file start-v9.txt (compact mmCIF, C-alpha atoms)
# COMPACT_ATOMS: atom_id res chain seq x y z
CA MET Z 1 0.00 0.00 0.00
CA GLY Z 2 1.38 3.41 -0.97
CA GLU Z 3 1.98 6.06 1.68
CA LYS Z 4 -0.95 8.16 0.51
CA THR Z 5 -3.37 5.24 0.28
CA ALA Z 6 -2.30 4.08 3.73
CA ILE Z 7 -3.03 7.37 5.46
CA VAL Z 8 -6.38 7.82 3.70
CA PHE Z 9 -7.23 4.22 4.69
CA ALA Z 10 -6.23 4.98 8.30
CA GLY Z 11 -8.44 8.08 8.28
CA ILE Z 12 -11.40 6.15 6.86
CA VAL Z 13 -11.11 3.27 9.34
CA SER Z 14 -10.59 5.61 12.30
CA GLY Z 15 -13.64 7.60 11.18
CA ILE Z 16 -15.82 4.49 10.97
CA ILE Z 17 -14.64 3.39 14.41
CA ALA Z 18 -15.36 6.86 15.85
CA VAL Z 19 -18.94 6.68 14.55
CA LEU Z 20 -19.40 3.12 15.82
CA LEU Z 21 -18.10 3.98 19.30
CA VAL Z 22 -20.87 6.56 19.65
CA VAL Z 23 -23.43 4.00 18.47
CA MET Z 24 -22.02 1.58 21.06
CA GLY Z 25 -22.43 4.03 23.92
CA ASN Z 26 -19.76 6.78 23.92
CA PRO Z 27 -21.07 10.36 24.30
CA ALA Z 28 -22.27 12.05 21.11
CA ASN Z 29 -19.54 13.46 18.86
CA MET Z 30 -17.06 11.74 21.20
CA GLY Z 31 -16.22 8.44 19.53
CA PHE Z 32 -12.69 9.52 20.24
CA CYS Z 33 -11.51 12.51 22.22
CA ILE Z 34 -7.98 12.10 23.48
CA ALA Z 35 -8.19 15.09 25.82
CA CYS Z 36 -11.60 14.12 27.23
CA PHE Z 37 -10.57 10.49 27.66
CA ILE Z 38 -7.31 11.34 29.46
CA ARG Z 39 -9.34 13.74 31.60
CA ASP Z 40 -11.78 10.90 32.35
CA ILE Z 41 -8.86 8.65 33.30
CA ALA Z 42 -7.48 11.36 35.61
CA GLY Z 43 -10.96 11.47 37.17
CA GLY Z 44 -11.21 7.68 37.40
CA LEU Z 45 -7.97 7.69 39.36
CA GLY Z 46 -9.28 10.42 41.63
CA LEU Z 47 -6.83 13.07 40.47
CA HIS Z 48 -9.87 15.33 40.15
CA ARG Z 49 -13.34 14.91 41.61
CA ALA Z 50 -15.62 16.14 38.84
CA ALA Z 51 -18.16 13.34 39.28
CA VAL Z 52 -19.48 13.43 35.72
CA VAL Z 53 -16.15 12.78 33.99
CA GLN Z 54 -14.55 9.80 35.72
CA TYR Z 55 -13.82 6.58 33.84
CA LEU Z 56 -10.68 4.71 32.81
CA ARG Z 57 -11.33 4.90 29.06
CA PRO Z 58 -9.93 1.70 27.50
CA GLU Z 59 -9.57 3.47 24.12
CA ILE Z 60 -6.52 5.32 25.48
CA MET Z 61 -4.83 2.12 26.68
CA GLY Z 62 -5.67 0.52 23.33
CA LEU Z 63 -4.05 3.37 21.41
CA VAL Z 64 -0.80 3.12 23.37
CA LEU Z 65 -0.69 -0.68 23.23
CA GLY Z 66 -1.65 -0.79 19.54
CA SER Z 67 1.21 1.56 18.78
CA PHE Z 68 3.55 -0.43 21.05
CA ILE Z 69 2.82 -3.78 19.38
CA THR Z 70 3.15 -2.33 15.88
CA ALA Z 71 6.35 -0.50 16.72
CA LEU Z 72 7.82 -3.76 18.06
CA LEU Z 73 6.70 -5.72 14.99
CA PHE Z 74 8.16 -3.19 12.58
CA ARG Z 75 11.31 -2.71 14.65
CA GLU Z 76 10.47 0.91 15.31
CA PHE Z 77 10.30 0.64 19.09
CA ARG Z 78 13.07 2.79 20.45
CA SER Z 79 13.58 3.87 24.02
CA SER Z 80 14.34 7.56 23.66
CA GLY Z 81 13.97 10.75 25.66
CA GLY Z 82 15.76 13.57 27.38
CA SER Z 83 14.68 16.41 25.12
CA SER Z 84 13.34 19.26 27.28
CA VAL Z 85 11.26 16.87 29.36
CA ILE Z 86 9.85 19.47 31.74
CA LEU Z 87 8.95 21.88 28.96
CA ARG Z 88 7.12 19.06 27.23
CA PHE Z 89 5.24 18.26 30.45
CA MET Z 90 4.16 21.90 30.68
CA LEU Z 91 3.16 21.98 27.01
CA GLY Z 92 1.00 18.89 27.60
CA MET Z 93 -0.59 20.63 30.56
CA PHE Z 94 -1.30 23.76 28.51
CA MET Z 95 -2.66 21.68 25.64
CA MET Z 96 -5.16 20.08 28.00
CA MET Z 97 -6.09 23.45 29.50
CA GLY Z 98 -6.97 24.78 26.04
CA ALA Z 99 -8.83 21.59 25.15
CA LEU Z 100 -10.95 21.74 28.30
CA ILE Z 101 -11.95 25.31 27.50
CA PHE Z 102 -13.25 24.20 24.08
CA LEU Z 103 -14.32 20.77 25.42
CA GLY Z 104 -12.37 18.57 23.07
CA CYS Z 105 -9.03 17.81 21.50
CA PRO Z 106 -8.48 18.55 17.79
CA LEU Z 107 -9.81 15.10 16.94
CA ARG Z 108 -13.05 15.81 18.75
CA MET Z 109 -13.19 19.25 17.13
CA LEU Z 110 -13.38 17.44 13.79
CA LEU Z 111 -15.94 14.95 15.14
CA ARG Z 112 -18.04 17.79 16.55
CA LEU Z 113 -17.90 19.59 13.23
CA ALA Z 114 -18.89 16.39 11.42
CA GLY Z 115 -21.86 16.13 13.77
CA GLY Z 116 -23.03 19.63 12.84
CA ASP Z 117 -21.73 21.40 15.97
CA LEU Z 118 -21.00 24.84 14.54
CA ASN Z 119 -19.15 25.91 17.70
CA ALA Z 120 -16.35 23.75 16.35
CA LEU Z 121 -16.41 25.83 13.20
CA VAL Z 122 -15.61 28.89 15.35
CA ALA Z 123 -12.85 26.99 17.17
CA PHE Z 124 -11.27 25.69 13.99
CA PRO Z 125 -9.76 29.01 12.78
CA GLY Z 126 -8.43 29.48 16.33
CA TYR Z 127 -6.72 26.10 16.08
CA VAL Z 128 -5.19 26.96 12.71
CA LEU Z 129 -4.09 30.35 14.07
CA GLY Z 130 -2.36 28.62 16.99
CA ILE Z 131 -0.59 26.25 14.58
CA TRP Z 132 0.42 29.16 12.35
CA VAL Z 133 1.94 31.02 15.33
CA GLY Z 134 3.79 27.81 16.26
CA THR Z 135 5.23 27.49 12.75
CA ARG Z 136 6.59 31.05 13.01
CA PHE Z 137 8.57 29.96 16.07
CA LEU Z 138 9.76 26.84 14.23
CA GLN Z 139 10.99 28.99 11.37
CA GLN Z 140 12.81 31.20 13.85
CA GLY Z 141 14.74 28.17 15.06
CA TYR Z 142 12.52 26.90 17.88
CA THR Z 143 13.72 23.46 18.98
CA LEU Z 144 13.36 21.35 22.09
CA GLY Z 145 16.74 19.81 21.34
CA GLN Z 146 17.85 16.31 20.53
CA SER Z 147 16.55 13.29 22.36
CA ARG Z 148 18.89 10.43 23.18
CA GLU Z 149 18.63 6.72 23.61
CA GLN Z 150 17.47 5.85 27.12
CA SER Z 151 17.56 2.69 29.18
CA ARG Z 152 15.22 0.12 27.64
CA LEU Z 153 12.94 0.22 30.67
CA SER Z 154 12.21 3.90 30.11
CA GLY Z 155 10.57 3.14 26.77
CA PHE Z 156 8.35 0.52 28.34
CA VAL Z 157 6.85 2.92 30.89
CA GLY Z 158 4.04 4.10 28.56
CA PRO Z 159 2.89 0.61 27.51
CA LEU Z 160 3.29 -0.70 31.09
CA LEU Z 161 1.21 2.16 32.47
CA ALA Z 162 -1.47 1.37 29.88
CA LEU Z 163 -1.43 -2.28 31.00
CA ALA Z 164 -1.58 -1.24 34.66
CA LEU Z 165 -4.63 0.93 33.97
CA LEU Z 166 -6.35 -1.98 32.20
CA LEU Z 167 -5.53 -4.22 35.11
CA LEU Z 168 -6.97 -1.71 37.58
CA LEU Z 169 -10.12 -1.37 35.50
CA THR Z 170 -10.75 -5.10 35.24
CA ALA Z 171 -9.33 -6.49 38.48
CA ALA Z 172 -9.66 -3.69 41.00
CA PRO Z 173 -12.53 -1.41 39.96
CA THR Z 174 -13.38 -0.72 43.61
CA LEU Z 175 -10.22 1.41 43.81
CA LEU Z 176 -11.50 3.67 41.04
CA PHE Z 177 -14.06 6.38 40.53
CA PHE Z 178 -16.84 5.82 38.01
CA SER Z 179 -19.30 8.48 36.84
CA GLU Z 180 -22.89 7.51 37.46
CA GLU Z 181 -24.22 10.27 35.23
CA GLY Z 182 -22.89 12.66 32.60
CA PRO Z 183 -20.38 11.97 29.80
CA GLY Z 184 -18.21 9.77 32.04
CA SER Z 185 -21.08 7.31 32.45
CA MET Z 186 -21.60 6.98 28.69
CA LYS Z 187 -19.29 4.33 27.35
CA ALA Z 188 -18.90 1.65 24.73
CA PRO Z 189 -18.40 -1.87 26.19
CA LEU Z 190 -14.87 -2.35 27.55
CA LEU Z 191 -13.61 -4.89 25.02
CA ILE Z 192 -15.02 -2.97 22.07
CA ALA Z 193 -13.48 0.28 23.30
CA LEU Z 194 -10.14 -1.47 23.83
CA ALA Z 195 -10.24 -3.08 20.39
CA ALA Z 196 -11.15 0.27 18.81
CA GLY Z 197 -8.15 1.88 20.48
CA LEU Z 198 -5.87 -0.98 19.41
CA VAL Z 199 -6.91 -0.74 15.75
CA VAL Z 200 -6.55 3.05 15.60
CA GLY Z 201 -3.27 2.77 17.53
CA VAL Z 202 -1.90 0.36 14.92
CA LEU Z 203 -3.02 2.56 12.01
CA ALA Z 204 -1.84 5.82 13.57
CA GLN Z 205 1.56 4.28 14.36
CA ARG Z 206 2.05 3.10 10.79
CA THR Z 207 0.86 6.30 9.14
CA ARG Z 208 1.95 8.94 11.74
CA LEU Z 209 -1.58 10.37 11.64
CA CYS Z 210 -1.56 13.72 13.47
CA THR Z 211 -4.35 16.27 13.61
CA MET Z 212 -1.86 19.11 14.16
CA GLY Z 213 0.73 17.94 11.62
CA ALA Z 214 -2.05 17.90 9.02
CA PHE Z 215 -2.29 21.69 9.11
CA ARG Z 216 1.31 22.46 10.16
CA ASP Z 217 2.72 20.68 7.13
CA ILE Z 218 0.43 22.59 4.78
CA ILE Z 219 1.49 25.91 6.33
CA LEU Z 220 5.21 25.04 6.40
CA PHE Z 221 5.70 22.89 3.30
CA ARG Z 222 2.45 22.89 1.27
CA ASP Z 223 2.51 19.15 2.06
CA HIS Z 224 -1.01 17.66 2.15
CA HIS Z 225 0.02 14.13 3.15
CA LEU Z 226 -1.16 14.12 6.78
CA PHE Z 227 -4.10 16.34 5.87
CA SER Z 228 -5.45 13.71 3.47
CA GLY Z 229 -5.82 11.25 6.37
CA VAL Z 230 -7.51 13.80 8.61
CA ALA Z 231 -9.80 14.93 5.77
CA ALA Z 232 -10.78 11.32 5.05
CA LEU Z 233 -11.61 10.82 8.73
CA PHE Z 234 -13.76 13.96 8.79
CA LEU Z 235 -15.66 13.06 5.62
CA VAL Z 236 -16.36 9.50 6.79
CA VAL Z 237 -17.70 10.71 10.14
CA LEU Z 238 -19.81 13.34 8.37
CA ALA Z 239 -21.23 10.68 6.04
CA GLY Z 240 -21.81 8.34 8.99
CA ASN Z 241 -23.67 11.02 10.95
CA LEU Z 242 -25.82 11.91 7.95
CA LEU Z 243 -26.60 8.25 7.42
CA LEU Z 244 -27.51 7.65 11.07
CA GLY Z 245 -29.51 10.86 11.35
CA SER Z 246 -27.13 12.25 13.96
CA PHE Z 247 -26.06 15.32 11.98
CA ASN Z 248 -27.69 18.23 13.79
CA PRO Z 249 -26.36 21.57 12.53
CA GLY Z 250 -26.49 24.48 14.97
CA PHE Z 251 -24.79 26.23 17.87
CA ALA Z 252 -27.07 25.74 20.87
CA GLY Z 253 -27.81 22.46 22.59
CA GLN Z 254 -24.88 20.55 21.08
CA PRO Z 255 -23.63 17.54 23.08
CA VAL Z 256 -20.88 18.30 25.62
CA ALA Z 257 -20.33 21.78 24.16
CA HIS Z 258 -20.92 25.46 24.94
CA THR Z 259 -21.55 28.45 22.71
CA ASP Z 260 -18.90 30.93 23.97
CA GLY Z 261 -17.33 31.57 20.57
CA LEU Z 262 -14.41 33.71 21.70
CA TRP Z 263 -13.28 31.15 24.27
CA ASN Z 264 -13.74 28.27 21.86
CA PHE Z 265 -11.53 30.13 19.40
CA LEU Z 266 -8.86 31.05 21.96
CA GLY Z 267 -8.99 27.64 23.68
CA MET Z 268 -8.31 25.73 20.50
CA GLY Z 269 -5.66 28.31 19.62
CA ILE Z 270 -3.81 27.20 22.75
CA VAL Z 271 -4.10 23.57 21.69
CA GLY Z 272 -2.74 24.35 18.20
CA LEU Z 273 0.20 26.39 19.46
CA ALA Z 274 1.11 24.00 22.29
CA ALA Z 275 0.84 21.02 19.92
CA VAL Z 276 3.28 22.57 17.46
CA LEU Z 277 5.71 23.43 20.26
CA ALA Z 278 5.42 19.87 21.64
CA GLY Z 279 5.70 18.26 18.19
CA GLY Z 280 2.32 16.53 18.03
CA CYS Z 281 -1.38 16.57 18.88
CA PRO Z 282 -2.62 14.57 21.91
CA LEU Z 283 -3.26 11.50 19.71
CA ARG Z 284 0.26 11.62 18.28
CA GLN Z 285 1.75 11.97 21.78
CA LEU Z 286 -0.01 8.75 22.82
CA ILE Z 287 1.24 6.92 19.73
CA LEU Z 288 4.80 8.13 20.31
CA SER Z 289 4.54 7.01 23.95
CA GLY Z 290 3.74 3.52 22.69
CA GLU Z 291 6.87 3.63 20.51
CA GLY Z 292 9.05 4.14 23.58
CA ASN Z 293 9.33 7.92 23.36
CA GLY Z 294 9.72 9.15 26.95
CA ASP Z 295 9.44 12.79 25.88
CA ALA Z 296 5.95 12.16 24.48
CA MET Z 297 5.10 10.20 27.64
CA SER Z 298 5.98 13.24 29.68
CA THR Z 299 3.62 15.32 27.49
CA VAL Z 300 0.87 12.75 28.13
CA LEU Z 301 1.45 13.00 31.88
CA GLY Z 302 1.25 16.78 31.45
CA LEU Z 303 -2.12 16.33 29.75
CA ALA Z 304 -3.37 14.36 32.77
CA ALA Z 305 -2.01 16.98 35.19
CA GLY Z 306 -3.67 19.73 33.17
CA ALA Z 307 -7.00 17.92 33.40
CA ALA Z 308 -6.72 17.63 37.17
CA LEU Z 309 -5.82 21.31 37.47
CA MET Z 310 -8.69 22.45 35.25
CA HIS Z 311 -11.33 20.47 37.12
CA ASN Z 312 -10.01 20.94 40.64
CA PHE Z 313 -10.01 24.73 40.22
CA LYS Z 314 -13.23 24.69 38.19
CA TRP Z 315 -11.49 26.30 35.22
CA ALA Z 316 -12.72 23.64 32.79
CA ALA Z 317 -15.67 24.74 30.67
CA SER Z 318 -19.07 23.09 30.96
CA PRO Z 319 -22.12 23.20 28.70
CA ALA Z 320 -22.99 26.38 30.68
CA GLY Z 321 -19.87 28.13 29.37
CA VAL Z 322 -16.43 29.17 30.58
CA SER Z 323 -15.95 30.39 34.16
CA SER Z 324 -14.12 33.67 34.81
CA GLY Z 325 -11.22 31.66 36.23
CA GLY Z 326 -11.13 29.63 33.02
CA GLN Z 327 -11.14 32.81 30.93
CA ALA Z 328 -8.24 34.23 32.95
CA MET Z 329 -6.30 31.00 32.46
CA VAL Z 330 -6.78 31.17 28.69
CA ILE Z 331 -5.13 34.60 28.60
CA ILE Z 332 -2.34 33.54 30.98
CA VAL Z 333 -1.60 30.34 29.03
CA TRP Z 334 -1.52 32.20 25.70
CA ILE Z 335 1.03 34.63 27.19
CA LEU Z 336 3.11 31.79 28.67
CA LEU Z 337 3.13 29.88 25.38
CA LEU Z 338 4.16 32.93 23.37
CA ALA Z 339 6.89 33.69 25.90
CA ALA Z 340 8.10 30.07 25.84
CA GLY Z 341 8.19 29.95 22.04
CA TRP Z 342 10.07 33.23 21.88
CA CYS Z 343 12.59 32.31 24.61
CA VAL Z 344 13.40 28.89 23.17
CA ALA Z 345 13.69 30.19 19.60
CA ARG Z 346 15.95 33.04 20.71
CA GLN Z 347 18.26 30.73 22.62
CA ALA Z 348 18.41 28.35 19.67
CA ARG Z 349 19.46 31.22 17.37
CA GLU Z 350 22.08 32.38 19.87
CA ASP Z 351 23.47 28.86 20.20
CA GLU Z 352 23.66 28.51 16.44
CA ALA Z 353 25.42 31.86 16.04
CA ARG Z 354 27.93 30.83 18.73
CA GLU Z 355 28.60 27.53 16.99
CA GLN Z 356 29.16 29.23 13.65
CA LYS Z 357 31.51 31.71 15.28
CA ALA Z 358 33.47 28.88 16.88
CA VAL Z 359 33.74 27.13 13.53
CA SER Z 360 34.91 30.20 11.63
CA GLY Z 361 37.23 31.12 14.53
CA ALA Z 362 38.89 27.74 14.16
CA GLY Z 363 39.51 28.67 10.55
CA GLY Z 364 38.05 25.49 9.18
CA LEU Z 365 35.07 24.36 7.23
CA PRO Z 366 31.99 23.30 9.20
CA PRO Z 367 32.79 19.86 10.63
CA VAL Z 368 29.68 18.32 9.10
CA ASP Z 369 30.96 18.87 5.54
CA ILE Z 370 32.38 15.84 3.80
CA LYS Z 371 33.79 15.72 0.30
CA MET A 372 30.49 16.66 -6.72
CA SER A 373 29.69 18.33 -3.44
CA THR A 374 28.24 16.26 -0.62
CA LYS A 375 26.96 17.30 2.78
CA LEU A 376 26.11 15.32 5.90
CA ILE A 377 23.38 16.55 8.23
CA ASP A 378 22.87 14.96 11.62
CA CYS A 379 19.20 15.15 12.63
CA CYS A 380 19.30 12.27 15.14
CA GLY A 381 16.96 12.80 18.08
CA LEU A 382 15.20 15.83 16.59
CA SER A 383 11.42 15.72 16.65
CA CYS A 384 9.40 16.40 13.53
CA PRO A 385 9.20 18.67 11.64
CA GLU A 386 12.72 19.91 12.55
CA PRO A 387 14.61 17.37 10.39
CA VAL A 388 12.45 18.32 7.39
CA LEU A 389 12.93 22.04 8.03
CA ARG A 390 16.71 21.63 8.21
CA VAL A 391 16.98 19.36 5.20
CA ARG A 392 14.74 21.49 2.99
CA GLN A 393 16.90 24.50 3.73
CA ILE A 394 20.07 22.63 2.75
CA LEU A 395 18.51 21.19 -0.42
CA GLN A 396 18.04 24.71 -1.75
CA ASP A 397 21.82 25.03 -2.23
CA PRO A 398 22.22 24.53 -6.00
CA SER A 399 25.86 23.45 -5.68
CA LEU A 400 24.92 20.28 -3.79
CA GLN A 401 24.46 17.08 -5.75
CA GLU A 402 24.25 14.70 -2.80
CA VAL A 403 23.09 15.18 0.77
CA ARG A 404 23.30 12.55 3.47
CA VAL A 405 20.95 12.80 6.42
CA LYS A 406 21.15 10.88 9.67
CA VAL A 407 17.85 10.47 11.51
CA SER A 408 16.95 8.25 14.45
CA ALA A 409 13.16 7.95 14.17
CA ALA A 410 11.24 6.12 11.46
CA ALA A 411 8.79 9.03 11.25
CA ALA A 412 11.66 11.43 10.51
CA ARG A 413 13.00 8.97 7.92
CA ASP A 414 9.62 8.94 6.16
CA ASN A 415 9.05 12.68 6.41
CA VAL A 416 12.51 13.64 5.14
CA SER A 417 12.23 11.09 2.30
CA ARG A 418 8.84 12.44 1.25
CA ALA A 419 10.01 16.06 1.38
CA ALA A 420 13.14 15.27 -0.66
CA ARG A 421 11.18 13.33 -3.29
CA ASN A 422 8.68 16.19 -3.57
CA LEU A 423 11.62 18.53 -4.22
CA GLY A 424 12.92 16.27 -6.99
CA TRP A 425 15.63 14.29 -5.18
CA GLN A 426 16.17 10.55 -5.24
CA VAL A 427 16.22 8.90 -1.84
CA GLY A 428 18.20 5.88 -0.67
CA VAL A 429 17.71 4.55 2.87
CA LYS A 430 20.15 2.50 4.93
CA ASP A 431 19.28 1.22 8.39
CA ASP A 432 22.46 0.89 10.41
CA GLY A 433 20.84 -0.23 13.65
CA ASP A 434 21.04 2.93 15.74
CA CYS A 435 19.83 5.30 13.06
CA PHE A 436 18.86 5.64 9.43
CA LEU A 437 21.21 7.10 6.87
CA LEU A 438 19.37 8.72 3.97
CA THR A 439 21.26 9.47 0.80
CA LEU A 440 19.55 12.17 -1.22
CA THR A 441 20.74 12.59 -4.80
CA ARG A 442 19.68 15.44 -7.04
CA ARG A 443 17.78 14.14 -10.06
CA ALA A 444 19.16 15.20 -13.43
CA GLY A 445 17.57 18.40 -14.68
CA LYS A 446 16.31 19.47 -11.24
call {"tool": "encode", "arguments": {"input": "start-v9.txt", "output": "structure tokens"}}
result
Amino acid sequence: MGEKTAIVFAGIVSGIIAVLLVVMGNPANMGFCIACFIRDIAGGLGLHRAAVVQYLRPEIMGLVLGSFITALLFREFRSSGGSSVILRFMLGMFMMMGALIFLGCPLRMLLRLAGGDLNALVAFPGYVLGIWVGTRFLQQGYTLGQSREQSRLSGFVGPLLALALLLLLTAAPTLLFFSEEGPGSMKAPLLIALAAGLVVGVLAQRTRLCTMGAFRDIILFRDHHLFSGVAALFLVVLAGNLLLGSFNPGFAGQPVAHTDGLWNFLGMGIVGLAAVLAGGCPLRQLILSGEGNGDAMSTVLGLAAGAALMHNFKWAASPAGVSSGGQAMVIIVWILLLAAGWCVARQAREDEAREQKAVSGAGGLPPVDIK
Amino acid sequence: MSTKLIDCCGLSCPEPVLRVRQILQDPSLQEVRVKVSAAAARDNVSRAARNLGWQVGVKDDGDCFLLTLTRRAGK
């Protein structure tokens, strides 16, 4: 299968699975939502006590394990890490904060749009704006630095954590929190949810599907490769919703959504910018975690921490809208992200200038040149 | 024939592609070798180079991938 066919195929299959998961019991327009599901897991573990969003979503474990198995099979599992780990943790946290203002990760934004939720249409330009700002930093030299090979055990942490969560869910549910009402109580059967995650995990690992890369690569390189997968996913979900009669266009009364346009726009802007700075959307971070990437794992842990923060301080949005605390956080996080992008890019440029000076001072050609 | 080696090991995407694309603009270069450590970077750099009219050869040497990009005649 050619590269292009593979990613379109991955988009189509993931789209079908997203539609089916809703039919099987997941909340509407939430076949998959990486941010919501990690938030639910944080709630299930008691890291926050928002009673309506607590459940150890097996889709997440499936995604990590699907990626892990595929990476092993294709000899792409590599224990790596050590590239600005704490910054990545913070970027994960910020990404989740933006997502919980909009009420969805970029994947759910597409699913909401495909379900007729026009609030997602307002958030979408914000997301693209965030990505565009991120690409400016990239072009100014922004880099989180090189990762290195780590001890083999480090790479297994993501997959082992996923297994541990599955074990907790099946063998020790009394230790966990489960929503009795609200989105957290709406769920596809465990094995189906796990299988869905596994399949999408396999496909996303093989094709590098990324809902941020799709737009970043168009802005940076006019490269539509990743976009074709994301577009296929969107179109399949749209067709599925039309077919099932679950396409309900409008702003008000949309499932797990609010109508505060400005905050939807700015919230998804945060997600776009933070995802560029962290090198991947929440889905991609999970897939990379399965491949042994400790840096991505730290971003995923940041996502969970961000969810706990947002719900414990009641900054997360609800169908009623965005609290004043949540609005303040949006502004603060935007400022922090812009400052982080600027600082890192500036240091990278300074380092490069210093290196070039050292090379020319030594009177030789750059050491990387070979004839 | 001028050749250049770029080490992009450990860099997360899209940094390898950004670096390589910049280098490929140098008209004096006929061959560019790129070292990357992740399969995703290998695929992304290969795709970018092919789109810009370069031929791509890939060698897996265990720790990393060595890509040999050769300018196609007439490009």
call {"tool": "interface_residues", "arguments": {"input": "start-v9.txt", "of": "chain Z", "to": "chain A", "cutoff": "10 Å", "atoms": "only C-alpha atoms", "output": "ChimeraX atom specification"}}
result
/Z:3,71,74-78,80-83,135,138-139,141-149,205-208,213,216-217,220-221,223,225,276,278-280,288,291,293,295,367-371
call {"tool": "atom_distance", "arguments": {"input": "start-v9.txt", "atom1": "CA of Asn264 (chain Z)", "atom2": "CA of Ala114 (chain Z)"}}
result
16.6 Å
call {"tool": "axis_aligned_box", "arguments": {"input": "start-v9.txt", "around": "region 433-440 of chain A", "padding_each_side": "6 Å", "output": "AutoDock Vina command-line options"}}
result
--center_x 20.1 --center_y 6.0 --center_z 7.3 --size_x 14.4 --size_y 24.4 --size_z 29.0
call {"tool": "residues_around", "arguments": {"input": "start-v9.txt", "residues": "Thr439 (chain A)", "least_positions_apart": "2", "cutoff": "8 Å", "atoms": "all atoms listed in the file", "output": "PyMOL selection string"}}
result
chain A and resi 402-405+426-429+437+441
call {"tool": "residues_around", "arguments": {"input": "start-v9.txt", "residues": "Glu181 (chain Z)", "least_positions_apart": "2", "cutoff": "9 Å", "atoms": "all atoms listed in the file", "output": "number ranges by chain"}}
result
Z: 51-53, 179, 183-186
call {"tool": "atom_distance", "arguments": {"input": "start-v9.txt", "atom1": "CA of Ala231 (chain Z)", "atom2": "CA of Gly11 (chain Z)"}}
result
7.4 Å
call {"tool": "atom_distance", "arguments": {"input": "start-v9.txt", "atom1": "CA of Val344 (chain Z)", "atom2": "CA of Ala308 (chain Z)"}}
result
27.0 Å
call {"tool": "residues_around", "arguments": {"input": "start-v9.txt", "residues": "Pro319 (chain Z)", "least_positions_apart": "3", "cutoff": "9 Å", "atoms": "only C-alpha atoms", "output": "PyMOL selection string"}}
result
chain Z and resi 103+253-259+322
call {"tool": "write_last_selection", "arguments": {"input": "start-v9.txt", "atoms": "C-alpha atoms", "output": "mmCIF file, in the frame of the given file"}}
result
data_model
loop_
_atom_site.group_PDB
_atom_site.id
_atom_site.type_symbol
_atom_site.label_atom_id
_atom_site.label_comp_id
_atom_site.auth_asym_id
_atom_site.auth_seq_id
_atom_site.Cartn_x
_atom_site.Cartn_y
_atom_site.Cartn_z
ATOM 1 C CA LEU Z 103 -14.320 20.770 25.420
ATOM 2 C CA GLY Z 253 -27.810 22.460 22.590
ATOM 3 C CA GLN Z 254 -24.880 20.550 21.080
ATOM 4 C CA PRO Z 255 -23.630 17.540 23.080
ATOM 5 C CA VAL Z 256 -20.880 18.300 25.620
ATOM 6 C CA ALA Z 257 -20.330 21.780 24.160
ATOM 7 C CA HIS Z 258 -20.920 25.460 24.940
ATOM 8 C CA THR Z 259 -21.550 28.450 22.710
ATOM 9 C CA VAL Z 322 -16.430 29.170 30.580
#
call {"tool": "residues_around", "arguments": {"input": "start-v9.txt", "residues": "Gly15 (chain Z)", "least_positions_apart": "4", "cutoff": "7 Å", "atoms": "only C-alpha atoms", "output": "list in words"}}
result
Gly11, Val19, Leu233, Phe234, Val236 and Val237 of chain Z
call {"tool": "residues_around", "arguments": {"input": "start-v9.txt", "residues": "Ala214 (chain Z)", "least_positions_apart": "3", "cutoff": "7 Å", "atoms": "only C-alpha atoms", "output": "JSON, numbers by chain"}}
result
{"Z": [210, 211, 217, 218, 224, 226, 227, 230]}
call {"tool": "write_last_selection", "arguments": {"input": "start-v9.txt", "atoms": "C-alpha atoms", "output": "PDB file, keeping the file's coordinate frame"}}
result
ATOM      1  CA  CYS Z 210      -1.560  13.720  13.470  1.00  0.00           C
ATOM      2  CA  THR Z 211      -4.350  16.270  13.610  1.00  0.00           C
ATOM      3  CA  ASP Z 217       2.720  20.680   7.130  1.00  0.00           C
ATOM      4  CA  ILE Z 218       0.430  22.590   4.780  1.00  0.00           C
ATOM      5  CA  HIS Z 224      -1.010  17.660   2.150  1.00  0.00           C
ATOM      6  CA  LEU Z 226      -1.160  14.120   6.780  1.00  0.00           C
ATOM      7  CA  PHE Z 227      -4.100  16.340   5.870  1.00  0.00           C
ATOM      8  CA  VAL Z 230      -7.510  13.800   8.610  1.00  0.00           C
TER       9      VAL Z 230
END
call {"tool": "residues_near_point", "arguments": {"input": "start-v9.txt", "point": "(-12.9, 9.5, 34.9)", "cutoff": "9 Å", "atoms": "all atoms listed in the file", "output": "tab-separated table (two decimals) with C-alpha atoms, in the coordinates of the input"}}
result
chain	number	residue	atom	x	y	z
Z	37	PHE	CA	-10.57	10.49	27.66
Z	38	ILE	CA	-7.31	11.34	29.46
Z	39	ARG	CA	-9.34	13.74	31.60
Z	40	ASP	CA	-11.78	10.90	32.35
Z	41	ILE	CA	-8.86	8.65	33.30
Z	42	ALA	CA	-7.48	11.36	35.61
Z	43	GLY	CA	-10.96	11.47	37.17
Z	44	GLY	CA	-11.21	7.68	37.40
Z	45	LEU	CA	-7.97	7.69	39.36
Z	46	GLY	CA	-9.28	10.42	41.63
Z	47	LEU	CA	-6.83	13.07	40.47
Z	48	HIS	CA	-9.87	15.33	40.15
Z	49	ARG	CA	-13.34	14.91	41.61
Z	50	ALA	CA	-15.62	16.14	38.84
Z	51	ALA	CA	-18.16	13.34	39.28
Z	52	VAL	CA	-19.48	13.43	35.72
Z	53	VAL	CA	-16.15	12.78	33.99
Z	54	GLN	CA	-14.55	9.80	35.72
Z	55	TYR	CA	-13.82	6.58	33.84
Z	56	LEU	CA	-10.68	4.71	32.81
Z	57	ARG	CA	-11.33	4.90	29.06
Z	176	LEU	CA	-11.50	3.67	41.04
Z	177	PHE	CA	-14.06	6.38	40.53
Z	178	PHE	CA	-16.84	5.82	38.01
Z	179	SER	CA	-19.30	8.48	36.84
Z	184	GLY	CA	-18.21	9.77	32.04
Z	185	SER	CA	-21.08	7.31	32.45
